[in-house]
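Student: Please find query-v3.txt (compact mmCIF, C-alpha atoms and all ligand atoms) on the next line:
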```
# COMPACT_ATOMS: atom_id res chain seq x y z
CA MET A 1 -26.79 85.76 -6.56
CA SER A 2 -24.49 87.66 -8.87
CA ALA A 3 -21.97 86.33 -11.35
CA VAL A 4 -18.34 86.46 -10.28
CA LEU A 5 -16.84 84.68 -13.25
CA THR A 6 -18.25 84.13 -16.72
CA THR A 7 -16.56 82.51 -19.69
CA ARG A 8 -18.01 82.77 -23.16
CA ASN A 9 -16.95 80.46 -25.96
CA LEU A 10 -13.56 80.09 -24.31
CA SER A 11 -11.16 77.98 -26.35
CA ARG A 12 -7.45 77.29 -26.37
CA TYR A 13 -5.47 75.42 -28.98
CA PHE A 14 -1.93 74.14 -28.75
CA GLY A 15 -1.14 73.31 -32.37
CA ALA A 16 -3.51 70.49 -33.26
CA VAL A 17 -4.52 69.93 -29.62
CA THR A 18 -7.74 71.55 -28.40
CA ALA A 19 -7.07 72.01 -24.68
CA ALA A 20 -10.21 74.08 -24.10
CA ASP A 21 -13.18 73.73 -26.41
CA ASP A 22 -15.88 76.40 -26.28
CA ILE A 23 -16.30 76.62 -22.50
CA ASN A 24 -19.33 78.59 -21.28
CA VAL A 25 -19.69 78.73 -17.52
CA THR A 26 -20.98 81.28 -15.05
CA ILE A 27 -19.98 81.06 -11.41
CA ASP A 28 -21.96 82.97 -8.81
CA THR A 29 -20.83 84.57 -5.57
CA GLY A 30 -20.26 82.05 -2.82
CA GLU A 31 -20.29 78.94 -4.96
CA ILE A 32 -17.80 76.19 -4.12
CA VAL A 33 -17.20 74.63 -7.51
CA GLY A 34 -15.34 71.36 -7.91
CA VAL A 35 -13.71 70.42 -11.20
CA ILE A 36 -13.08 66.80 -12.13
CA GLY A 37 -11.62 65.26 -15.25
CA ALA A 38 -8.95 62.84 -16.42
CA ASN A 39 -5.37 64.00 -16.93
CA GLY A 40 -5.21 66.15 -20.03
CA ALA A 41 -8.91 67.08 -19.90
CA GLY A 42 -8.09 70.81 -19.81
CA LYS A 43 -8.60 71.65 -16.13
CA THR A 44 -5.30 73.48 -15.67
CA THR A 45 -5.64 75.19 -19.05
CA PHE A 46 -8.99 76.57 -17.90
CA ILE A 47 -7.52 77.88 -14.62
CA ASN A 48 -4.48 79.29 -16.45
CA MET A 49 -6.68 81.26 -18.84
CA VAL A 50 -9.00 82.57 -16.14
CA THR A 51 -6.12 83.72 -13.94
CA GLY A 52 -4.17 85.44 -16.72
CA TYR A 53 -1.34 82.90 -17.08
CA LEU A 54 -2.38 81.80 -20.56
CA PRO A 55 -4.06 83.85 -23.29
CA PRO A 56 -7.18 82.20 -24.75
CA SER A 57 -7.22 81.43 -28.47
CA GLU A 58 -10.86 82.49 -28.62
CA GLY A 59 -13.60 83.70 -26.36
CA GLU A 60 -14.19 86.03 -23.50
CA ILE A 61 -13.69 86.01 -19.73
CA LEU A 62 -15.61 88.34 -17.42
CA PHE A 63 -14.72 88.87 -13.78
CA ARG A 64 -17.51 90.61 -11.89
CA GLY A 65 -19.00 91.72 -15.18
CA GLU A 66 -15.81 93.21 -16.58
CA SER A 67 -13.81 91.75 -19.46
CA ILE A 68 -10.40 90.62 -18.27
CA ARG A 69 -9.07 89.67 -21.65
CA GLY A 70 -5.36 90.48 -21.84
CA ALA A 71 -4.93 91.11 -18.11
CA GLY A 72 -1.95 89.38 -16.53
CA PRO A 73 -1.89 87.45 -13.25
CA ARG A 74 -0.76 90.36 -11.07
CA ARG A 75 -3.41 92.71 -12.34
CA LEU A 76 -6.06 90.05 -11.80
CA MET A 77 -4.75 89.36 -8.32
CA ARG A 78 -5.24 93.02 -7.48
CA LYS A 79 -8.80 92.81 -8.82
CA GLY A 80 -9.50 89.96 -6.41
CA LEU A 81 -8.76 86.82 -8.40
CA SER A 82 -6.09 84.55 -6.90
CA ARG A 83 -4.94 81.00 -7.48
CA SER A 84 -2.76 78.24 -6.16
CA PHE A 85 -0.78 75.71 -8.15
CA GLN A 86 -0.67 71.95 -8.52
CA VAL A 87 3.04 72.20 -7.71
CA PRO A 88 3.39 74.92 -5.06
CA GLN A 89 5.05 78.03 -6.53
CA VAL A 90 7.07 78.94 -3.48
CA PHE A 91 10.67 79.91 -2.80
CA HIS A 92 12.10 76.63 -1.56
CA GLU A 93 15.38 78.06 -0.34
CA LEU A 94 13.75 80.74 1.80
CA PRO A 95 12.15 80.49 5.22
CA VAL A 96 8.37 80.10 5.27
CA MET A 97 7.87 83.51 6.84
CA ASP A 98 9.87 85.21 4.06
CA ASN A 99 7.68 83.52 1.45
CA LEU A 100 4.58 85.02 3.02
CA VAL A 101 6.08 88.48 3.42
CA ILE A 102 7.22 88.52 -0.21
CA ALA A 103 3.77 87.37 -1.40
CA LEU A 104 2.18 90.14 0.61
CA ALA A 105 4.54 92.79 -0.73
CA ALA A 106 3.89 91.56 -4.27
CA ALA A 107 0.13 91.73 -3.73
CA GLU A 108 0.33 95.28 -2.40
CA ASN A 109 2.61 96.99 -4.87
CA ARG A 110 3.02 97.16 -8.58
CA HIS A 111 6.73 97.64 -7.97
CA LEU A 112 8.42 96.89 -4.70
CA ASN A 113 9.58 100.11 -3.11
CA PRO A 114 13.32 99.77 -2.45
CA PHE A 115 13.07 102.39 0.29
CA ARG A 116 10.42 100.55 2.24
CA PRO A 117 11.51 97.49 4.19
CA VAL A 118 9.87 94.30 2.91
CA HIS A 119 9.62 93.02 6.48
CA GLY A 120 7.59 95.96 7.84
CA PRO A 121 5.70 95.40 11.10
CA GLU A 122 2.25 95.32 9.45
CA ARG A 123 3.35 92.77 6.90
CA LEU A 124 4.92 90.62 9.61
CA LYS A 125 1.67 90.73 11.54
CA ALA A 126 -0.43 89.78 8.51
CA ALA A 127 2.00 86.98 7.62
CA GLU A 128 1.89 85.64 11.19
CA ALA A 129 -1.90 85.66 11.13
CA MET A 130 -1.92 83.71 7.85
CA LEU A 131 0.56 81.16 9.23
CA GLU A 132 -1.78 80.56 12.11
CA GLN A 133 -4.95 80.37 9.99
CA MET A 134 -3.35 77.83 7.70
CA GLY A 135 -2.08 75.84 10.68
CA ILE A 136 1.56 75.98 9.57
CA ASP A 137 2.97 78.25 12.29
CA ALA A 138 5.24 75.43 13.48
CA TYR A 139 7.25 75.97 10.25
CA ARG A 140 7.56 79.74 10.66
CA ASP A 141 11.36 79.87 10.52
CA GLU A 142 12.00 76.67 8.59
CA LEU A 143 12.98 76.49 4.96
CA VAL A 144 10.19 75.33 2.66
CA THR A 145 12.28 72.22 1.95
CA ALA A 146 11.69 71.16 5.57
CA MET A 147 7.90 71.09 5.08
CA PRO A 148 5.84 68.04 4.15
CA GLN A 149 3.91 68.34 0.88
CA GLY A 150 0.59 69.14 2.58
CA ALA A 151 2.14 72.04 4.48
CA ARG A 152 3.71 73.36 1.25
CA LYS A 153 0.29 73.32 -0.37
CA LEU A 154 -1.12 75.24 2.59
CA LEU A 155 1.69 77.78 2.29
CA ASP A 156 1.02 78.26 -1.43
CA ILE A 157 -2.71 78.74 -0.76
CA GLY A 158 -1.94 81.07 2.16
CA MET A 159 0.26 83.16 -0.13
CA ALA A 160 -2.61 83.43 -2.63
CA LEU A 161 -4.98 84.46 0.17
CA LEU A 162 -2.71 87.31 1.26
CA ALA A 163 -3.86 89.21 -1.83
CA ASP A 164 -7.29 89.26 -0.16
CA PRO A 165 -9.15 87.80 -3.14
CA SER A 166 -12.90 87.50 -3.62
CA MET A 167 -12.40 84.34 -5.67
CA ILE A 168 -9.69 81.71 -5.46
CA LEU A 169 -8.91 78.89 -7.87
CA LEU A 170 -7.04 75.90 -6.48
CA ASP A 171 -5.37 73.53 -8.92
CA GLU A 172 -5.33 70.11 -7.26
CA PRO A 173 -4.83 71.28 -3.66
CA THR A 174 -4.59 67.67 -2.42
CA SER A 175 -2.42 66.12 -5.14
CA GLY A 176 0.76 64.57 -3.81
CA VAL A 177 -0.58 64.81 -0.28
CA SER A 178 -0.93 61.63 1.79
CA LEU A 179 -4.39 60.23 2.54
CA GLU A 180 -3.98 61.04 6.23
CA GLU A 181 -2.99 64.66 5.53
CA LYS A 182 -5.55 65.27 2.79
CA HIS A 183 -8.72 65.64 4.83
CA ALA A 184 -7.14 67.89 7.44
CA LEU A 185 -5.74 70.08 4.65
CA MET A 186 -9.13 70.49 2.98
CA GLU A 187 -10.78 71.10 6.33
CA THR A 188 -8.32 73.95 7.02
CA VAL A 189 -8.68 75.46 3.55
CA MET A 190 -12.47 75.30 3.53
CA GLU A 191 -12.70 76.81 6.99
CA VAL A 192 -10.54 79.76 5.94
CA VAL A 193 -12.43 80.37 2.68
CA ALA A 194 -15.79 80.13 4.46
CA ARG A 195 -14.71 82.70 7.02
CA ARG A 196 -13.74 85.04 4.17
CA ASN A 197 -16.88 84.33 2.11
CA LEU A 198 -14.79 83.44 -0.91
CA THR A 199 -16.01 81.97 -4.13
CA VAL A 200 -13.93 78.88 -4.82
CA LEU A 201 -13.11 76.66 -7.76
CA PHE A 202 -10.90 73.65 -7.09
CA VAL A 203 -9.66 70.73 -9.12
CA GLU A 204 -9.88 67.42 -7.27
CA HIS A 205 -9.47 63.74 -8.09
CA ASP A 206 -10.80 62.30 -4.83
CA MET A 207 -14.57 61.95 -5.15
CA GLU A 208 -14.98 61.70 -1.39
CA VAL A 209 -13.41 65.15 -1.03
CA VAL A 210 -15.52 66.44 -3.92
CA ARG A 211 -18.76 65.20 -2.35
CA ARG A 212 -17.91 66.68 1.00
CA TYR A 213 -17.21 70.26 -0.05
CA VAL A 214 -18.67 71.30 -3.39
CA THR A 215 -21.95 73.09 -3.95
CA ARG A 216 -21.54 72.46 -7.67
CA LEU A 217 -19.45 70.18 -9.83
CA LEU A 218 -18.07 70.59 -13.35
CA ALA A 219 -16.78 67.58 -15.27
CA PHE A 220 -14.20 68.19 -17.99
CA ALA A 221 -13.36 65.85 -20.88
CA ASP A 222 -11.31 66.69 -23.97
CA GLY A 223 -11.41 70.40 -23.22
CA SER A 224 -15.19 70.54 -22.81
CA VAL A 225 -17.52 70.74 -19.85
CA ILE A 226 -19.50 67.51 -20.18
CA ALA A 227 -21.55 67.82 -16.99
CA ASP A 228 -22.48 70.68 -14.66
CA GLY A 229 -24.68 70.30 -11.60
CA THR A 230 -24.69 69.09 -8.02
CA ALA A 231 -22.07 66.47 -7.10
CA GLU A 232 -24.78 63.85 -6.98
CA GLU A 233 -26.07 64.73 -10.44
CA VAL A 234 -22.66 64.88 -12.06
CA LEU A 235 -21.25 61.77 -10.40
CA SER A 236 -24.27 59.72 -11.41
CA ASP A 237 -23.97 60.81 -15.04
CA ALA A 238 -23.20 57.81 -17.24
CA THR A 239 -20.65 59.64 -19.41
CA VAL A 240 -18.85 61.01 -16.35
CA GLN A 241 -18.67 57.49 -14.93
CA GLU A 242 -17.40 56.14 -18.21
CA LEU A 243 -14.76 58.82 -18.84
CA ILE A 244 -13.73 60.03 -15.37
CA THR A 245 -14.73 58.13 -12.30
CA GLY A 246 -14.06 54.74 -13.89
CA LYS A 247 -17.01 52.61 -12.97
CA ALA A 248 -20.65 52.97 -12.03
CA ARG A 249 -21.07 53.49 -8.33
CA PRO A 250 -24.05 54.62 -6.34
CA ALA A 251 -23.97 58.19 -5.06
CA ALA A 252 -22.87 57.92 -1.44
CA LYS A 253 -25.14 59.43 1.15
CA GLU A 254 -23.23 61.67 3.53
CA ALA A 255 -23.98 61.06 7.19
N1 LIG B 301 1.86 74.56 -22.83
C1 LIG B 301 1.32 73.55 -23.52
N2 LIG B 301 1.78 73.22 -24.74
C2 LIG B 301 1.22 72.21 -25.46
N3 LIG B 301 0.19 71.48 -25.03
C3 LIG B 301 -0.32 71.76 -23.82
C4 LIG B 301 0.22 72.80 -22.99
N4 LIG B 301 -0.50 72.85 -21.84
C5 LIG B 301 -1.42 71.89 -21.93
N5 LIG B 301 -1.33 71.24 -23.11
C6 LIG B 301 -2.19 70.13 -23.57
O1 LIG B 301 -3.53 70.53 -23.38
C7 LIG B 301 -4.32 69.47 -22.88
C8 LIG B 301 -4.93 69.86 -21.55
O2 LIG B 301 -3.91 69.93 -20.56
P1 LIG B 301 -4.18 70.39 -19.08
O3 LIG B 301 -5.01 71.61 -19.10
O4 LIG B 301 -2.87 70.47 -18.39
O5 LIG B 301 -5.03 69.17 -18.52
P2 LIG B 301 -5.40 68.77 -17.02
O6 LIG B 301 -5.02 69.87 -16.10
O7 LIG B 301 -6.87 68.50 -17.07
O8 LIG B 301 -4.62 67.51 -16.74
C9 LIG B 301 -3.39 68.25 -22.83
O9 LIG B 301 -3.54 67.54 -24.03
C10 LIG B 301 -2.03 68.87 -22.72
O10 LIG B 301 -1.05 68.02 -23.23
MG MG B 302 -3.77 69.92 -14.41
```
Would you write out, as structure tokens, the structure that this file holds?
Tutor:
Amino acid sequence: MSAVLTTRNLSRYFGAVTAADDINVTIDTGEIVGVIGANGAGKTTFINMVTGYLPPSEGEILFRGESIRGAGPRRLMRKGLSRSFQVPQVFHELPVMDNLVIALAAAENRHLNPFRPVHGPERLKAAEAMLEQMGIDAYRDELVTAMPQGARKLLDIGMALLADPSMILLDEPTSGVSLEEKHALMETVMEVVARRNLTVLFVEHDMEVVRRYVTRLLAFADGSVIADGTAEEVLSDATVQELITGKARPAAKEA
């Protein structure tokens, strides 16, 4: 296996707050990494730094062996590093299809070419295919405001996938999504990422979802990684149970 993402002594301070405290992780090709941690543990800060939305205070980030310090989100997206957001970053007042076409145009070009139509036939075809893969084709011509939260999350993730990344980071893909919708959403997302052989990191609060999908689990507390291993190892860790999962519970055996 080869390293896709490496962080070395990665830290971020906001005034007196240490949001990321000397994080050293290496993620290999094909890993499906879950991230757990209480609110304020530094999960989003970590994703923001890795995807170019937030400059680190200290430390180094390597993507496929190359330092990406100082690179912004769009440059990283073109290198193959995409993300989705806890609150979907979509254009609410536009139809779903337009959101996808705009995401695709943004992924392709440094500057949109005013002489080339945004809704070209190839882009329309790629956007249609993504709608179908994400299972949201019923909303094709609807405004985003007409979509339930789970479908908005799928749209946001679909937009990130249009950049054809090799790694995707998902910040709480199931937050705000109903229990009934949650499992179908993760099933759809994991099917799509498996088909594309993507390396994935996702933040998740539902331990049932974590157990089902991750090949590796990181537990964050106070800006640090306090446990790193299989889901079973991390979820049976006493400190993880004390700080994150709430109470001691036996590791469930999946059927
Ligand atoms: N832009 C910011 N300005 C000041 N403090 C911030 C900012 N972003 C995050 N923080 C602080 O950093 C810590 C980690 O936050 P965050 O990464 O959002 O945690 P999580 O995603 O695990 O809930 C928290 O104490 C939070 O208040
Ligand atoms: Mg967060």
Student: Could you list, as a PyMOL selection string, every residue within 9 Å of Arg12 of chain A, counting all atoms listed in the file and ignoring same-chain residues fewer than 3 positions away?
Tutor: chain A and resi 17-22+45-46+49+54-59+223
Student: Atoms to include: C-alpha atoms. Write the selected residues as an mmCIF file, in the frame of the given file.
Tutor:
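Resulting contents of again-v8.cif:
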```
data_model
loop_
_atom_site.group_PDB
_atom_site.id
_atom_site.type_symbol
_atom_site.label_atom_id
_atom_site.label_comp_id
_atom_site.auth_asym_id
_atom_site.auth_seq_id
_atom_site.Cartn_x
_atom_site.Cartn_y
_atom_site.Cartn_z
ATOM 1 C CA VAL A 17 -4.520 69.930 -29.620
ATOM 2 C CA THR A 18 -7.740 71.550 -28.400
ATOM 3 C CA ALA A 19 -7.070 72.010 -24.680
ATOM 4 C CA ALA A 20 -10.210 74.080 -24.100
ATOM 5 C CA ASP A 21 -13.180 73.730 -26.410
ATOM 6 C CA ASP A 22 -15.880 76.400 -26.280
ATOM 7 C CA THR A 45 -5.640 75.190 -19.050
ATOM 8 C CA PHE A 46 -8.990 76.570 -17.900
ATOM 9 C CA MET A 49 -6.680 81.260 -18.840
ATOM 10 C CA LEU A 54 -2.380 81.800 -20.560
ATOM 11 C CA PRO A 55 -4.060 83.850 -23.290
ATOM 12 C CA PRO A 56 -7.180 82.200 -24.750
ATOM 13 C CA SER A 57 -7.220 81.430 -28.470
ATOM 14 C CA GLU A 58 -10.860 82.490 -28.620
ATOM 15 C CA GLY A 59 -13.600 83.700 -26.360
ATOM 16 C CA GLY A 223 -11.410 70.400 -23.220
#
```
Student: For ligand MG 302 (chain B), list the contacting residues at 12 Å or closer, counting only C-alpha atoms and all ligand atoms, as a ChimeraX atom specification.
Tutor: /A:19,35-48,84-87,170-173,175,202-205,220,223
Student: Could you write those residues out with C-alpha atoms, as a tab-separated table (two decimals), in the frame of the given file?
Tutor:
```
chain	number	residue	atom	x	y	z
A	19	ALA	CA	-7.07	72.01	-24.68
A	35	VAL	CA	-13.71	70.42	-11.20
A	36	ILE	CA	-13.08	66.80	-12.13
A	37	GLY	CA	-11.62	65.26	-15.25
A	38	ALA	CA	-8.95	62.84	-16.42
A	39	ASN	CA	-5.37	64.00	-16.93
A	40	GLY	CA	-5.21	66.15	-20.03
A	41	ALA	CA	-8.91	67.08	-19.90
A	42	GLY	CA	-8.09	70.81	-19.81
A	43	LYS	CA	-8.60	71.65	-16.13
A	44	THR	CA	-5.30	73.48	-15.67
A	45	THR	CA	-5.64	75.19	-19.05
A	46	PHE	CA	-8.99	76.57	-17.90
A	47	ILE	CA	-7.52	77.88	-14.62
A	48	ASN	CA	-4.48	79.29	-16.45
A	84	SER	CA	-2.76	78.24	-6.16
A	85	PHE	CA	-0.78	75.71	-8.15
A	86	GLN	CA	-0.67	71.95	-8.52
A	87	VAL	CA	3.04	72.20	-7.71
A	170	LEU	CA	-7.04	75.90	-6.48
A	171	ASP	CA	-5.37	73.53	-8.92
A	172	GLU	CA	-5.33	70.11	-7.26
A	173	PRO	CA	-4.83	71.28	-3.66
A	175	SER	CA	-2.42	66.12	-5.14
A	202	PHE	CA	-10.90	73.65	-7.09
A	203	VAL	CA	-9.66	70.73	-9.12
A	204	GLU	CA	-9.88	67.42	-7.27
A	205	HIS	CA	-9.47	63.74	-8.09
A	220	PHE	CA	-14.20	68.19	-17.99
A	223	GLY	CA	-11.41	70.40	-23.22
```
Student: I'd like the contact shell of Thr6 of chain A - 6 Å cut-off, all atoms listed in the file, skipping same-chain residues fewer than 4 positions apart - returned as a PyMOL selection string.
Tutor: chain A and resi 25-26+61-62
Student: Now that the selection is made, can you save its residues with C-alpha atoms as a short mmCIF file (atom, residue, chain, number, x, y, z; two decimals), keeping the file's coordinate frame?
Tutor:
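Okay, this is what ended up in part-v8.cif:
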```
data_model
loop_
_atom_site.label_atom_id
_atom_site.label_comp_id
_atom_site.auth_asym_id
_atom_site.auth_seq_id
_atom_site.Cartn_x
_atom_site.Cartn_y
_atom_site.Cartn_z
CA VAL A 25 -19.69 78.73 -17.52
CA THR A 26 -20.98 81.28 -15.05
CA ILE A 61 -13.69 86.01 -19.73
CA LEU A 62 -15.61 88.34 -17.42
#
```
Student: Pick from A:Ala231, A:Leu155, A:Ala221, A:Ile244: nearest to ligand LIG 301 (chain B), with only C-alpha atoms and all ligand atoms counted?
Tutor: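 Closest residue, counting only C-alpha atoms and all ligand atoms: A:Ala221.
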Student: Extract, using all atoms listed in the file, all DNA, RNA and protein residues at most 9 Å from Val90 of chain A, discarding same-chain residues fewer than 3 positions from it, and format them as a PyMOL selection string.
Tutor: chain A and resi 87+93-94+96+99+144+152+155-156+159
Student: Determine, counting all atoms listed in the file, every residue of protein, DNA or RNA that lies within 10 Å of (1.5, 65.2, -1.7) in the file coordinates, then give the result as a list in words.
Tutor: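 The residues near that point, listed by chain and number, are Gln86, Val87, Pro148, Gln149, Gly150, Ala151, Arg152, Lys153, Pro173, Thr174, Ser175, Gly176, Val177, Ser178, Leu179, Glu181 and Lys182 of chain A.
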Student: May I ask which of the residues A:Ala146, A:Ser224, A:Val4, A:Leu154 is the closest one to ligand LIG 301 (chain B), counting only C-alpha atoms and all ligand atoms?
Tutor: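 Between A:Ala146, A:Ser224, A:Val4, A:Leu154, the residue approaching ligand LIG 301 (chain B) most closely is A:Ser224.
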Student: Rounded to one decimal in Å, what is the spacing between atom CA of Gly72 of chain A and atom CA of Val189 of chain A?
Tutor: 25.3 Å
Student: Please report the interatomic distance between atom CA of Pro73 of chain A and atom CA of Ile23 of chain A in Å with one decimal.
Tutor: 20.3 Å
Student: Of the residues A:Val101, A:Ile68, A:Ala16, A:Leu243, which is the one nearest to Glu122 of chain A, using only C-alpha atoms?
Tutor: A:Val101
Student: In Å, how far is it from atom CA of Met190 of chain A to atom CA of Arg212 of chain A?
Tutor: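 Here the two named atoms are 10.5 Å from each other.
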Student: May I have the centre and edge lengths, in Å to one decimal, of an axis-aligned box around the listed atoms of segment 132-145 of chain A with 4 Å added to every side, as JSON?
Tutor:
```
{"center_x": 4.0, "center_y": 76.4, "center_z": 7.7, "size_x": 25.9, "size_y": 16.3, "size_z": 19.5}
```
Student: If you count all atoms listed in the file, which residues fall within 7 Å of Arg83 of chain A, apart from same-chain ones fewer than 4 positions away, as a ChimeraX atom specification?
Tutor: /A:160,168-170
Student: Counting only C-alpha atoms, which residues sit no farther than 9 Å from the position (-18.5, 82.9, 1.1) in the file's frame? I'd like them as a list in words.
Tutor: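 Returned residue set, sorted by chain then number, is Thr29, Gly30, Glu31, Ile32, Ser166, Val193, Ala194, Arg195, Arg196, Asn197, Leu198, Thr199 and Val200 of chain A.
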Student: Could you give me, as a PyMOL selection string, the residues within 7 Å of Gly229 of chain A, counting all atoms listed in the file and dropping anything in the same chain fewer than 5 positions from it?
Tutor: chain A and resi 216-218+234
Student: Keeping C-alpha atoms, export the residues of the selection given above as a PDB file, in the frame of the given file.
Tutor:
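Heads up, here's the output in selection37.pdb:
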```pdb
ATOM      1  CA  ARG A 216     -21.540  72.460  -7.670  1.00  0.00           C
ATOM      2  CA  LEU A 217     -19.450  70.180  -9.830  1.00  0.00           C
ATOM      3  CA  LEU A 218     -18.070  70.590 -13.350  1.00  0.00           C
ATOM      4  CA  VAL A 234     -22.660  64.880 -12.060  1.00  0.00           C
TER       5      VAL A 234
END
```
Student: Using only C-alpha atoms for the distances, tell me which of A:Leu76, A:Ala106, A:Val240, A:Met97 is nearest to Asp137 of chain A.
Tutor: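 Result for the nearest residue to Asp137 of chain A: A:Met97.
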Student: Would you please work out which residue, of A:Val192, A:Ala127, A:Ala227, A:Ala219, is nearest to ligand LIG 301 (chain B) when using all atoms listed in the file?
Tutor: A:Ala219
Student: Pick out the closest residue to ligand LIG 301 (chain B) from this set: A:Glu191, A:Glu233, A:Tyr13, A:His183. Count all atoms listed in the file.
Tutor: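 The closest residue to ligand LIG 301 (chain B) is A:Tyr13.
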